[in-house]
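What follows is the content of final18.pdb, which has PDB, C-alpha atoms:
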ATOM      1  CA  MET A   1     -30.475 -13.267   6.887
ATOM      2  CA  THR A   2     -32.397 -12.303   9.990
ATOM      3  CA  SER A   3     -35.217 -14.482  11.255
ATOM      4  CA  GLU A   4     -37.574 -11.504  10.920
ATOM      5  CA  TYR A   5     -36.703 -11.117   7.220
ATOM      6  CA  LYS A   6     -37.120 -14.861   6.678
ATOM      7  CA  GLU A   7     -40.580 -14.736   8.252
ATOM      8  CA  LYS A   8     -41.600 -11.789   6.097
ATOM      9  CA  LEU A   9     -40.347 -13.517   2.953
ATOM     10  CA  GLN A  10     -42.405 -16.589   3.787
ATOM     11  CA  THR A  11     -45.439 -14.403   4.483
ATOM     12  CA  TYR A  12     -44.990 -12.899   1.014
ATOM     13  CA  GLY A  13     -45.038 -16.329  -0.604
ATOM     14  CA  VAL A  14     -41.375 -17.291  -0.685
ATOM     15  CA  ASN A  15     -40.774 -21.015  -0.217
ATOM     16  CA  LEU A  16     -37.566 -20.365   1.660
ATOM     17  CA  ASN A  17     -36.750 -23.984   2.522
ATOM     18  CA  SER A  18     -36.929 -25.047  -1.107
ATOM     19  CA  ALA A  19     -35.042 -21.949  -2.268
ATOM     20  CA  LEU A  20     -32.239 -22.498   0.209
ATOM     21  CA  ASP A  21     -31.995 -26.154  -0.843
ATOM     22  CA  ARG A  22     -31.511 -24.936  -4.410
ATOM     23  CA  PHE A  23     -28.788 -22.565  -3.178
ATOM     24  CA  MET A  24     -27.096 -25.339  -1.152
ATOM     25  CA  ASP A  25     -28.238 -23.697   2.111
ATOM     26  CA  ASN A  26     -26.084 -20.666   1.361
ATOM     27  CA  GLU A  27     -28.257 -17.879   2.789
ATOM     28  CA  GLN A  28     -25.813 -15.149   1.807
ATOM     29  CA  LEU A  29     -25.818 -16.245  -1.830
ATOM     30  CA  TYR A  30     -29.615 -16.497  -1.910
ATOM     31  CA  GLU A  31     -30.002 -13.103  -0.280
ATOM     32  CA  ARG A  32     -27.524 -11.529  -2.715
ATOM     33  CA  ILE A  33     -29.354 -12.937  -5.752
ATOM     34  CA  LEU A  34     -32.765 -12.066  -4.282
ATOM     35  CA  SER A  35     -31.633  -8.483  -3.641
ATOM     36  CA  LYS A  36     -31.079  -8.081  -7.397
ATOM     37  CA  PHE A  37     -34.610  -9.194  -8.285
ATOM     38  CA  PRO A  38     -36.244  -5.721  -8.170
ATOM     39  CA  ALA A  39     -33.679  -4.426 -10.697
ATOM     40  CA  ASP A  40     -34.533  -7.118 -13.272
ATOM     41  CA  LYS A  41     -36.184  -5.492 -16.291
ATOM     42  CA  ASN A  42     -38.435  -8.362 -17.413
ATOM     43  CA  PHE A  43     -41.472  -7.224 -15.431
ATOM     44  CA  THR A  44     -41.303  -3.708 -16.875
ATOM     45  CA  LEU A  45     -40.733  -5.077 -20.376
ATOM     46  CA  LEU A  46     -43.643  -7.497 -19.966
ATOM     47  CA  GLU A  47     -45.916  -4.629 -18.952
ATOM     48  CA  LYS A  48     -44.787  -2.546 -21.954
ATOM     49  CA  CYS A  49     -45.321  -5.431 -24.375
ATOM     50  CA  LEU A  50     -48.812  -6.071 -23.029
ATOM     51  CA  GLU A  51     -49.682  -2.385 -23.391
ATOM     52  CA  GLU A  52     -48.468  -2.527 -27.000
ATOM     53  CA  ASN A  53     -50.239  -5.861 -27.587
ATOM     54  CA  ASN A  54     -46.898  -7.406 -28.578
ATOM     55  CA  ILE A  55     -47.813 -10.911 -27.467
ATOM     56  CA  PRO A  56     -44.719 -12.765 -28.789
ATOM     57  CA  GLN A  57     -42.380 -10.449 -26.868
ATOM     58  CA  ALA A  58     -44.686 -10.478 -23.823
ATOM     59  CA  PHE A  59     -44.359 -14.257 -23.818
ATOM     60  CA  ILE A  60     -40.550 -14.033 -23.842
ATOM     61  CA  HIS A  61     -40.494 -11.668 -20.857
ATOM     62  CA  ALA A  62     -43.140 -13.635 -18.953
ATOM     63  CA  HIS A  63     -41.251 -16.872 -19.565
ATOM     64  CA  THR A  64     -37.933 -15.359 -18.453
ATOM     65  CA  LEU A  65     -39.555 -13.879 -15.345
ATOM     66  CA  LYS A  66     -41.203 -17.233 -14.614
ATOM     67  CA  GLY A  67     -37.793 -18.904 -14.656
ATOM     68  CA  LEU A  68     -36.319 -16.291 -12.353
ATOM     69  CA  VAL A  69     -39.139 -16.470  -9.804
ATOM     70  CA  GLY A  70     -38.996 -20.250  -9.992
ATOM     71  CA  THR A  71     -35.309 -20.226  -9.142
ATOM     72  CA  LEU A  72     -35.937 -17.868  -6.226
ATOM     73  CA  ASP A  73     -39.080 -19.803  -5.190
ATOM     74  CA  LEU A  74     -41.318 -16.741  -5.215
ATOM     75  CA  THR A  75     -44.429 -18.903  -5.232
ATOM     76  CA  ASN A  76     -46.998 -16.076  -5.252
ATOM     77  CA  LEU A  77     -45.530 -14.806  -8.505
ATOM     78  CA  SER A  78     -44.905 -18.257  -9.927
ATOM     79  CA  SER A  79     -48.524 -19.303  -9.450
ATOM     80  CA  ILE A  80     -49.629 -16.366 -11.606
ATOM     81  CA  LEU A  81     -46.836 -16.518 -14.175
ATOM     82  CA  GLY A  82     -47.388 -20.204 -14.915
ATOM     83  CA  PRO A  83     -50.867 -19.832 -16.434
ATOM     84  CA  MET A  84     -50.022 -16.410 -17.862
ATOM     85  CA  THR A  85     -46.988 -17.735 -19.723
ATOM     86  CA  GLU A  86     -48.949 -20.645 -21.170
ATOM     87  CA  GLN A  87     -51.715 -18.351 -22.383
ATOM     88  CA  LEU A  88     -49.190 -16.025 -24.001
ATOM     89  CA  ARG A  89     -47.381 -19.001 -25.558
ATOM     90  CA  ILE A  90     -50.499 -19.860 -27.588
ATOM     91  CA  GLY A  91     -51.443 -16.213 -28.175
ATOM     92  CA  GLU A  92     -54.466 -16.342 -25.897
ATOM     93  CA  THR A  93     -55.099 -12.905 -24.389
ATOM     94  CA  ILE A  94     -58.407 -13.478 -22.628
ATOM     95  CA  ASP A  95     -57.902 -12.801 -18.911
ATOM     96  CA  ILE A  96     -54.281 -11.701 -19.480
ATOM     97  CA  GLN A  97     -54.945  -8.237 -18.056
ATOM     98  CA  GLU A  98     -56.561  -9.733 -14.957
ATOM     99  CA  LEU A  99     -53.581 -12.049 -14.477
ATOM    100  CA  PHE A 100     -51.167  -9.179 -15.037
ATOM    101  CA  ASP A 101     -52.994  -7.043 -12.463
ATOM    102  CA  GLN A 102     -52.628  -9.865  -9.909
ATOM    103  CA  LEU A 103     -48.973 -10.245 -10.854
ATOM    104  CA  LYS A 104     -48.375  -6.515 -10.522
ATOM    105  CA  THR A 105     -49.810  -6.463  -7.000
ATOM    106  CA  GLN A 106     -47.709  -9.400  -5.823
ATOM    107  CA  TYR A 107     -44.616  -8.163  -7.660
ATOM    108  CA  LYS A 108     -44.858  -4.750  -6.013
ATOM    109  CA  LEU A 109     -45.215  -6.295  -2.549
ATOM    110  CA  ILE A 110     -42.175  -8.564  -2.826
ATOM    111  CA  CYS A 111     -40.032  -5.875  -4.461
ATOM    112  CA  GLU A 112     -40.892  -3.401  -1.702
ATOM    113  CA  LEU A 113     -39.963  -5.957   0.948
ATOM    114  CA  ILE A 114     -36.653  -6.765  -0.740
ATOM    115  CA  THR A 115     -35.807  -3.097  -1.292
ATOM    116  CA  GLU A 116     -36.769  -2.188   2.266
ATOM    117  CA  HIS A 117     -34.511  -4.932   3.600
ATOM    118  CA  LYS A 118     -31.559  -3.754   1.470
ATOM    119  CA  ALA A 119     -31.851  -0.170   2.779
TER     120      ALA A 119
END
Is it possible to give me this structure as structure tokens?
Amino acid sequence: MTSEYKEKLQTYGVNLNSALDRFMDNEQLYERILSKFPADKNFTLLEKCLEENNIPQAFIHAHTLKGLVGTLDLTNLSSILGPMTEQLRIGETIDIQELFDQLKTQYKLICELITEHKA
């Protein structure tokens, strides 16, 4: 992983030190797993469930995505998914669209960075 890519990841809210600790300082492994993140379907499924007002399924996808971003230490996404998941868990939909809009913005930014780096 280049130092430039590391800096960009940190700028986009990746706690790289913590993530690499979790991956036993294996940068290649972390980078390989991170490169698969944009292909994960949980974000798209979460968006679809919210559009359909299917809150139980939205919770499942938000919770799964929260676990994935937690493992990768994508803190910008994690800080949004935490409260969002808890609201969905209890069926509370007030402010969910606002949270999802914030999530969508941050998700798009990190996915573009990851995809750009893979190219």
Picked residues, the PyMOL selection byres ((chain A and resi 39-52) around 12), as a ChimeraX atom specification: /A:33-38,53-69,77,81,84-85,88,91,93,96-101,103-108,111-112,114-115
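CA of Gly82 (chain A) sits 24.5 Å away from CA of Lys6 (chain A).
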Length of the CA of Glu86 (chain A) to CA of Ala19 (chain A) vector [Å]: 23.5 Å
Residue IDs satisfying the PyMOL selection byres ((chain A and resi 30) around 12), as a VMD selection string: chain A and resid 1 6 14 16 to 29 31 to 37 71 to 73
Atomic distance CA of Asn15 (chain A) - CA of Asn76 (chain A), expressed in Å with one decimal: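 Computed distance, CA of Asn15 (chain A) to CA of Asn76 (chain A), equals 9.4 Å.
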